[in-house]
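Text of the file model_7.cif, holding mmCIF, C-alpha atoms:
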data_run
#
loop_
_atom_site.label_atom_id
_atom_site.label_comp_id
_atom_site.auth_asym_id
_atom_site.auth_seq_id
_atom_site.Cartn_x
_atom_site.Cartn_y
_atom_site.Cartn_z
CA MET Y 27 -3.34 -11.24 -20.18
CA THR Y 28 0.13 -12.73 -19.90
CA SER Y 29 0.98 -15.98 -18.18
CA SER Y 30 3.10 -16.07 -15.04
CA PRO Y 31 6.82 -16.81 -15.44
CA THR Y 32 8.29 -20.05 -14.20
CA HIS Y 33 9.52 -19.80 -10.63
CA ALA Y 34 10.98 -22.03 -7.98
CA SER Y 35 8.75 -24.22 -5.86
CA PRO Y 36 6.41 -22.20 -3.59
CA HIS Y 37 7.89 -24.14 -0.66
CA SER Y 38 11.53 -23.37 -1.55
CA HIS Y 39 12.23 -20.81 1.20
CA PRO Y 40 15.59 -21.52 2.93
CA PHE Y 41 13.96 -21.99 6.32
CA ARG Y 42 13.54 -25.17 8.33
CA ARG Y 43 10.09 -26.66 8.70
CA ASP Y 44 10.22 -25.96 12.45
CA GLY Y 45 10.56 -22.23 11.74
CA THR Y 46 14.23 -21.89 12.71
CA VAL Y 47 16.90 -20.26 10.57
CA ASP Y 48 20.69 -20.16 10.66
CA LEU Y 49 21.10 -16.61 11.96
CA PRO Y 50 22.22 -15.29 15.37
CA ALA Y 51 19.18 -14.30 17.42
CA ASN Y 52 20.24 -10.64 17.67
CA ALA Y 53 20.87 -10.40 13.91
CA LEU Y 54 17.48 -11.90 13.14
CA GLN Y 55 15.72 -9.51 15.54
CA GLN Y 56 17.55 -6.49 14.15
CA ALA Y 57 16.74 -7.45 10.56
CA VAL Y 58 13.03 -7.90 11.24
CA ASP Y 59 12.80 -4.76 13.39
CA TRP Y 60 14.65 -2.73 10.75
CA ALA Y 61 12.32 -3.86 7.97
CA ILE Y 62 9.26 -2.81 10.01
CA VAL Y 63 10.58 0.46 11.45
CA SER Y 64 12.19 1.64 8.19
CA ARG Y 65 8.97 1.19 6.22
CA ARG Y 66 7.60 4.55 5.14
CA SER Y 67 5.08 5.73 2.58
CA ILE Y 68 7.27 6.83 -0.33
CA ARG Y 69 5.81 9.41 -2.71
CA ALA Y 70 8.55 9.67 -5.35
CA PHE Y 71 10.29 6.71 -6.98
CA LEU Y 72 13.26 6.20 -9.26
CA PRO Y 73 12.65 4.66 -12.70
CA THR Y 74 14.93 1.76 -11.72
CA PRO Y 75 13.15 -1.42 -12.90
CA VAL Y 76 12.01 -4.11 -10.47
CA ALA Y 77 12.16 -7.61 -11.94
CA LEU Y 78 8.94 -9.56 -12.07
CA GLU Y 79 10.76 -12.36 -10.25
CA GLU Y 80 11.39 -9.95 -7.36
CA VAL Y 81 7.70 -9.05 -7.15
CA HIS Y 82 6.82 -12.73 -7.20
CA ALA Y 83 9.29 -13.41 -4.36
CA ILE Y 84 7.73 -10.64 -2.24
CA LEU Y 85 4.23 -12.02 -2.75
CA ASP Y 86 5.54 -15.53 -2.08
CA VAL Y 87 6.62 -14.38 1.38
CA ALA Y 88 3.51 -12.27 2.05
CA ARG Y 89 1.13 -15.17 1.28
CA HIS Y 90 2.11 -16.63 4.67
CA ALA Y 91 0.31 -13.78 6.46
CA ALA Y 92 -2.29 -14.84 9.00
CA SER Y 93 -5.95 -15.02 8.01
CA GLY Y 94 -9.04 -16.18 9.86
CA MET Y 95 -9.65 -19.90 9.27
CA ASN Y 96 -6.96 -19.74 6.55
CA THR Y 97 -9.37 -17.98 4.18
CA GLN Y 98 -6.51 -16.10 2.41
CA PRO Y 99 -8.91 -13.48 0.98
CA TRP Y 100 -6.33 -11.50 -1.01
CA ARG Y 101 -6.14 -11.17 -4.79
CA VAL Y 102 -3.39 -9.11 -6.40
CA HIS Y 103 -3.05 -7.42 -9.79
CA VAL Y 104 0.55 -6.56 -10.71
CA LEU Y 105 0.93 -3.69 -13.17
CA ARG Y 106 4.03 -2.64 -15.04
CA ASN Y 107 4.93 -0.83 -18.25
CA ALA Y 108 2.01 -0.28 -20.65
CA ALA Y 109 -0.61 -1.87 -18.39
CA LYS Y 110 0.28 0.47 -15.54
CA GLN Y 111 0.29 3.47 -17.85
CA ARG Y 112 -3.13 2.63 -19.29
CA LEU Y 113 -4.71 2.40 -15.85
CA SER Y 114 -3.03 5.59 -14.66
CA ASP Y 115 -4.19 7.50 -17.74
CA ALA Y 116 -7.76 6.21 -17.40
CA ILE Y 117 -7.97 7.22 -13.74
CA ALA Y 118 -6.33 10.61 -14.35
CA ALA Y 119 -8.84 11.38 -17.09
CA VAL Y 120 -11.67 10.98 -14.58
CA ALA Y 121 -9.84 12.64 -11.68
CA ASN Y 122 -9.13 15.73 -13.76
CA ASP Y 123 -12.73 16.05 -14.97
CA PRO Y 124 -14.83 17.75 -12.25
CA GLU Y 125 -18.08 16.51 -13.76
CA ALA Y 126 -16.91 12.92 -14.14
CA SER Y 127 -15.37 12.77 -10.66
CA ALA Y 128 -18.29 14.42 -8.86
CA GLY Y 129 -20.33 11.24 -8.66
CA LEU Y 130 -17.59 8.87 -7.53
CA SER Y 131 -18.22 6.74 -4.45
CA GLU Y 132 -16.12 4.49 -2.26
CA PRO Y 133 -16.69 0.72 -2.34
CA TYR Y 134 -16.35 0.65 1.47
CA HIS Y 135 -15.84 3.14 4.31
CA TYR Y 136 -12.14 3.40 5.06
CA TYR Y 137 -12.28 6.64 7.02
CA PRO Y 138 -14.88 7.77 9.59
CA THR Y 139 -17.81 9.91 8.52
CA ASP Y 140 -17.29 12.23 11.49
CA TRP Y 141 -13.67 12.94 12.38
CA VAL Y 142 -12.80 13.45 16.06
CA PRO Y 143 -9.54 14.05 17.97
CA PRO Y 144 -6.90 12.70 18.06
CA TYR Y 145 -7.44 11.11 14.62
CA VAL Y 146 -8.42 14.29 12.80
CA ASP Y 147 -5.39 16.08 14.29
CA ARG Y 148 -2.99 13.39 13.07
CA ARG Y 149 -4.61 13.41 9.64
CA ARG Y 150 -4.28 17.18 9.29
CA LYS Y 151 -0.69 17.20 10.54
CA VAL Y 152 0.61 14.63 8.07
CA GLY Y 153 -1.15 16.44 5.24
CA TRP Y 154 0.23 19.86 6.09
CA ASP Y 155 3.67 18.47 6.88
CA LEU Y 156 3.79 16.97 3.38
CA TYR Y 157 2.48 20.10 1.70
CA GLY Y 158 4.89 22.19 3.74
CA LEU Y 159 7.85 20.20 2.44
CA LEU Y 160 6.57 20.71 -1.10
CA GLY Y 161 5.92 24.42 -0.59
CA ILE Y 162 2.17 24.06 -1.16
CA GLY Y 163 0.13 26.68 0.70
CA LYS Y 164 -3.30 26.11 2.26
CA GLY Y 165 -5.14 27.94 -0.49
CA ASP Y 166 -3.25 26.41 -3.40
CA LYS Y 167 -5.93 23.97 -4.53
CA SER Y 168 -4.40 23.52 -7.96
CA ARG Y 169 -1.09 22.22 -6.60
CA MET Y 170 -2.89 20.13 -3.98
CA HIS Y 171 -4.90 18.48 -6.74
CA ALA Y 172 -1.77 17.86 -8.81
CA GLN Y 173 0.10 16.34 -5.87
CA HIS Y 174 -2.84 14.10 -4.97
CA GLY Y 175 -3.06 13.09 -8.62
CA ARG Y 176 0.43 11.62 -8.44
CA ASN Y 177 -1.19 8.75 -6.54
CA TYR Y 178 -2.80 7.56 -9.75
CA HIS Y 179 0.57 7.35 -11.49
CA PHE Y 180 1.89 5.26 -8.59
CA PHE Y 181 4.28 8.14 -7.81
CA ASP Y 182 6.28 7.03 -10.89
CA ALA Y 183 7.14 3.67 -9.33
CA PRO Y 184 7.91 0.94 -11.89
CA VAL Y 185 5.40 -1.44 -10.29
CA GLY Y 186 1.81 -0.78 -9.29
CA LEU Y 187 -0.29 -3.22 -7.29
CA ILE Y 188 -4.07 -3.33 -7.05
CA PHE Y 189 -5.60 -5.46 -4.29
CA THR Y 190 -9.12 -6.87 -4.36
CA VAL Y 191 -11.27 -9.09 -2.17
CA SER Y 192 -14.43 -11.09 -2.81
CA ARG Y 193 -17.57 -9.14 -1.92
CA VAL Y 194 -18.93 -12.14 0.01
CA MET Y 195 -16.25 -11.63 2.67
CA GLN Y 196 -16.88 -9.47 5.73
CA ALA Y 197 -14.97 -6.98 7.87
CA GLY Y 198 -12.70 -9.66 9.32
CA SER Y 199 -11.19 -10.20 5.90
CA LEU Y 200 -10.09 -6.57 5.83
CA MET Y 201 -8.20 -7.27 9.06
CA ASP Y 202 -6.58 -10.23 7.32
CA TYR Y 203 -5.83 -7.99 4.38
CA GLY Y 204 -4.02 -5.50 6.60
CA MET Y 205 -1.66 -8.25 7.75
CA PHE Y 206 -1.08 -9.31 4.15
CA LEU Y 207 -0.35 -5.74 3.04
CA GLN Y 208 2.08 -5.24 5.92
CA SER Y 209 3.80 -8.48 4.95
CA VAL Y 210 4.17 -7.24 1.36
CA MET Y 211 5.71 -3.99 2.57
CA VAL Y 212 8.07 -5.64 5.05
CA ALA Y 213 9.20 -8.23 2.48
CA ALA Y 214 9.85 -5.36 0.07
CA ARG Y 215 11.99 -3.56 2.65
CA ALA Y 216 14.00 -6.74 3.21
CA ARG Y 217 14.92 -6.51 -0.49
CA GLY Y 218 15.86 -2.85 -0.34
CA LEU Y 219 12.62 -1.74 -1.97
CA ASP Y 220 10.06 0.84 -0.91
CA THR Y 221 6.28 1.07 -1.05
CA CYS Y 222 3.32 3.35 -0.60
CA PRO Y 223 -0.08 1.82 0.26
CA GLN Y 224 -2.80 3.92 -1.38
CA VAL Y 225 -6.47 4.01 -0.50
CA ALA Y 226 -6.74 6.88 -3.00
CA PHE Y 227 -7.49 4.32 -5.71
CA THR Y 228 -10.71 3.01 -4.17
CA LYS Y 229 -13.08 5.72 -5.42
CA PHE Y 230 -11.99 4.86 -8.96
CA HIS Y 231 -12.99 1.23 -8.52
CA GLU Y 232 -15.28 1.28 -11.56
CA VAL Y 233 -12.44 2.50 -13.78
CA ILE Y 234 -10.12 -0.14 -12.30
CA HIS Y 235 -12.68 -2.90 -12.86
CA ALA Y 236 -13.12 -1.88 -16.48
CA GLU Y 237 -9.43 -1.47 -17.27
CA LEU Y 238 -8.24 -4.66 -15.57
CA GLY Y 239 -11.25 -6.83 -16.38
CA ILE Y 240 -11.98 -7.46 -12.69
CA ARG Y 241 -15.23 -9.27 -11.99
CA ASP Y 242 -18.06 -7.43 -10.23
CA THR Y 243 -17.85 -10.01 -7.45
CA GLU Y 244 -14.50 -8.49 -6.42
CA MET Y 245 -14.06 -5.26 -4.43
CA VAL Y 246 -11.04 -2.97 -4.74
CA VAL Y 247 -9.31 -2.73 -1.35
CA CYS Y 248 -6.43 -0.37 -2.20
CA GLY Y 249 -3.44 0.14 -4.45
CA MET Y 250 0.28 0.18 -3.73
CA SER Y 251 3.39 1.63 -5.36
CA LEU Y 252 6.53 -0.52 -5.34
CA GLY Y 253 10.08 0.41 -6.33
CA HIS Y 254 13.18 2.30 -5.25
CA ALA Y 255 12.71 5.58 -3.38
CA ASP Y 256 14.16 8.69 -5.04
CA PRO Y 257 16.44 10.15 -2.34
CA ALA Y 258 16.58 13.51 -4.14
CA CYS Y 259 12.87 14.21 -3.67
CA ILE Y 260 12.04 16.23 -0.57
CA GLU Y 261 8.67 14.54 -0.02
CA ASN Y 262 10.56 11.36 0.85
CA THR Y 263 12.08 13.05 3.89
CA LEU Y 264 8.68 13.09 5.58
CA VAL Y 265 8.68 11.00 8.75
CA THR Y 266 5.36 10.73 10.56
CA GLU Y 267 5.20 11.00 14.34
CA ARG Y 268 4.12 7.91 16.26
CA GLU Y 269 2.69 7.66 19.77
CA SER Y 270 4.64 5.85 22.47
CA VAL Y 271 3.69 2.36 23.62
CA GLU Y 272 2.55 3.86 26.93
CA TYR Y 273 0.08 6.12 25.09
CA PHE Y 274 -1.96 3.32 23.54
CA THR Y 275 -1.31 0.41 25.90
CA THR Y 276 -2.79 -0.57 29.26
CA PHE Y 277 -0.71 -3.12 31.15
CA HIS Y 278 -3.02 -5.04 33.49
CA PRO Y 279 -1.39 -6.50 36.61
#
For the structure just supplied, provide its representation as structure tokens.
Amino acid sequence: MTSSPTHASPHSHPFRRDGTVDLPANALQQAVDWAIVSRRSIRAFLPTPVALEEVHAILDVARHAASGMNTQPWRVHVLRNAAKQRLSDAIAAVANDPEASAGLSEPYHYYPTDWVPPYVDRRRKVGWDLYGLLGIGKGDKSRMHAQHGRNYHFFDAPVGLIFTVSRVMQAGSLMDYGMFLQSVMVAARARGLDTCPQVAFTKFHEVIHAELGIRDTEMVVCGMSLGHADPACIENTLVTERESVEYFTTFHP
């Protein structure tokens, strides 16, 4: 395990203590809105390196995410170079072995056991939209498996992140975690970087624990790819449809 590099003070952000910043209000709003709206799940990355100092800066911003009673339940494992390759190879070896992968189980239930509309419809659409872009037909299980397997290589991103949480924490901490993950992704966008949050890693939690030396008291929450999107890859043109505010909101008089 390597030690962390020396960085500036964790309280060195160029913001005032009262939360104000020297930017016109419209510029600040546009910058924040752009970082949120332009965030997409990228599934093909350039080999362009991302400095460890940049990753540290992103996490330094994200650590200010809200959490119940300031519990800050997140723990992050940053993987690059050989460490990332070793984990990817170990997971791929299991994923590509039908016998070894048959008995895998999730550490927690991310998706529902019984899918119902409209959620199942959205799930199917994004899947077939992606496969359609890639020219993968409904019966092409081999290519589906290969495409899904790219998750475990972090879609060739130079940085892979694995997130864990203490098993003593409850469902509320996963809500906190969602805010932390969003903060990581938005801070990455502010730096011109792209991400892909990946629950696909969770069923390989035993492999991840073994490879990264994670204690049994920690639970794998998800993984994430971090880097520069490859604009030449067609899968990165996928834009998911989102419901209008009126669809999911009730305004009470």
> Separation of CA of Ala53 in chain Y and CA of Val210 in chain Y, in Å?
Replying inline: 21.1 Å
>> as number ranges by chain, please: the residues near Ala109 in chain Y (cut-off 9 Å, all atoms listed in the file, same-chain neighbours under 5 positions excluded).
In response: Y: 114, 237-238
>> Residues within 12 Å of (10.7, 16.3, 11.4), file coordinates, counting all atoms listed in the file: what are they? Give the list as JSON, numbers by chain.
In response: {"Y": [151, 152, 155, 156, 158, 159, 261, 262, 263, 264, 265, 266, 267, 268]}
>> So the first atom is CA of Phe189 in chain Y and the second is CA of Met250 in chain Y; what is the distance between them in Å, to one decimal place?
In response: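 About the pair CA of Phe189 in chain Y and CA of Met250 in chain Y: they are 8.2 Å apart.
The two atoms in question, CA of Ala118 in chain Y and CA of Cys259 in chain Y, are spaced 22.3 Å apart.
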> In terms of the shortest atom-to-atom distance over all atoms listed in the file, which of Y:Leu78, Y:Ser192, Y:Ala83, Y:Tyr136 is closest to Asn107 in chain Y?
Replying inline: Y:Leu78
> Which residues match the PyMOL selection byres ((chain Y and resi 233) around 12) in the file above, as number ranges by chain?
Replying inline: Y: 112-121, 126-127, 130-131, 178, 227-232, 234-240, 242, 246
>> Please determine, counting all atoms listed in the file, which residue among Y:Gly129, Y:Pro223, Y:Pro184, Y:Gly94 has the shortest atom-to-atom distance to Val81 in chain Y.
In response: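 Among the listed residues, Y:Pro184 lies closest to Val81 in chain Y.
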> For this file, the PyMOL selection byres ((chain Y and resi 187) around 9) selects which residues, as a PyMOL selection string?
Replying inline: chain Y and resi 102-106+180+185-186+188-189+248-252
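Considering the residues Y:Gly218, Y:Gly165, Y:Gly204, Y:Pro144 and counting all atoms listed in the file, Ser93 in chain Y has its shortest atom-to-atom contact with Y:Gly204.
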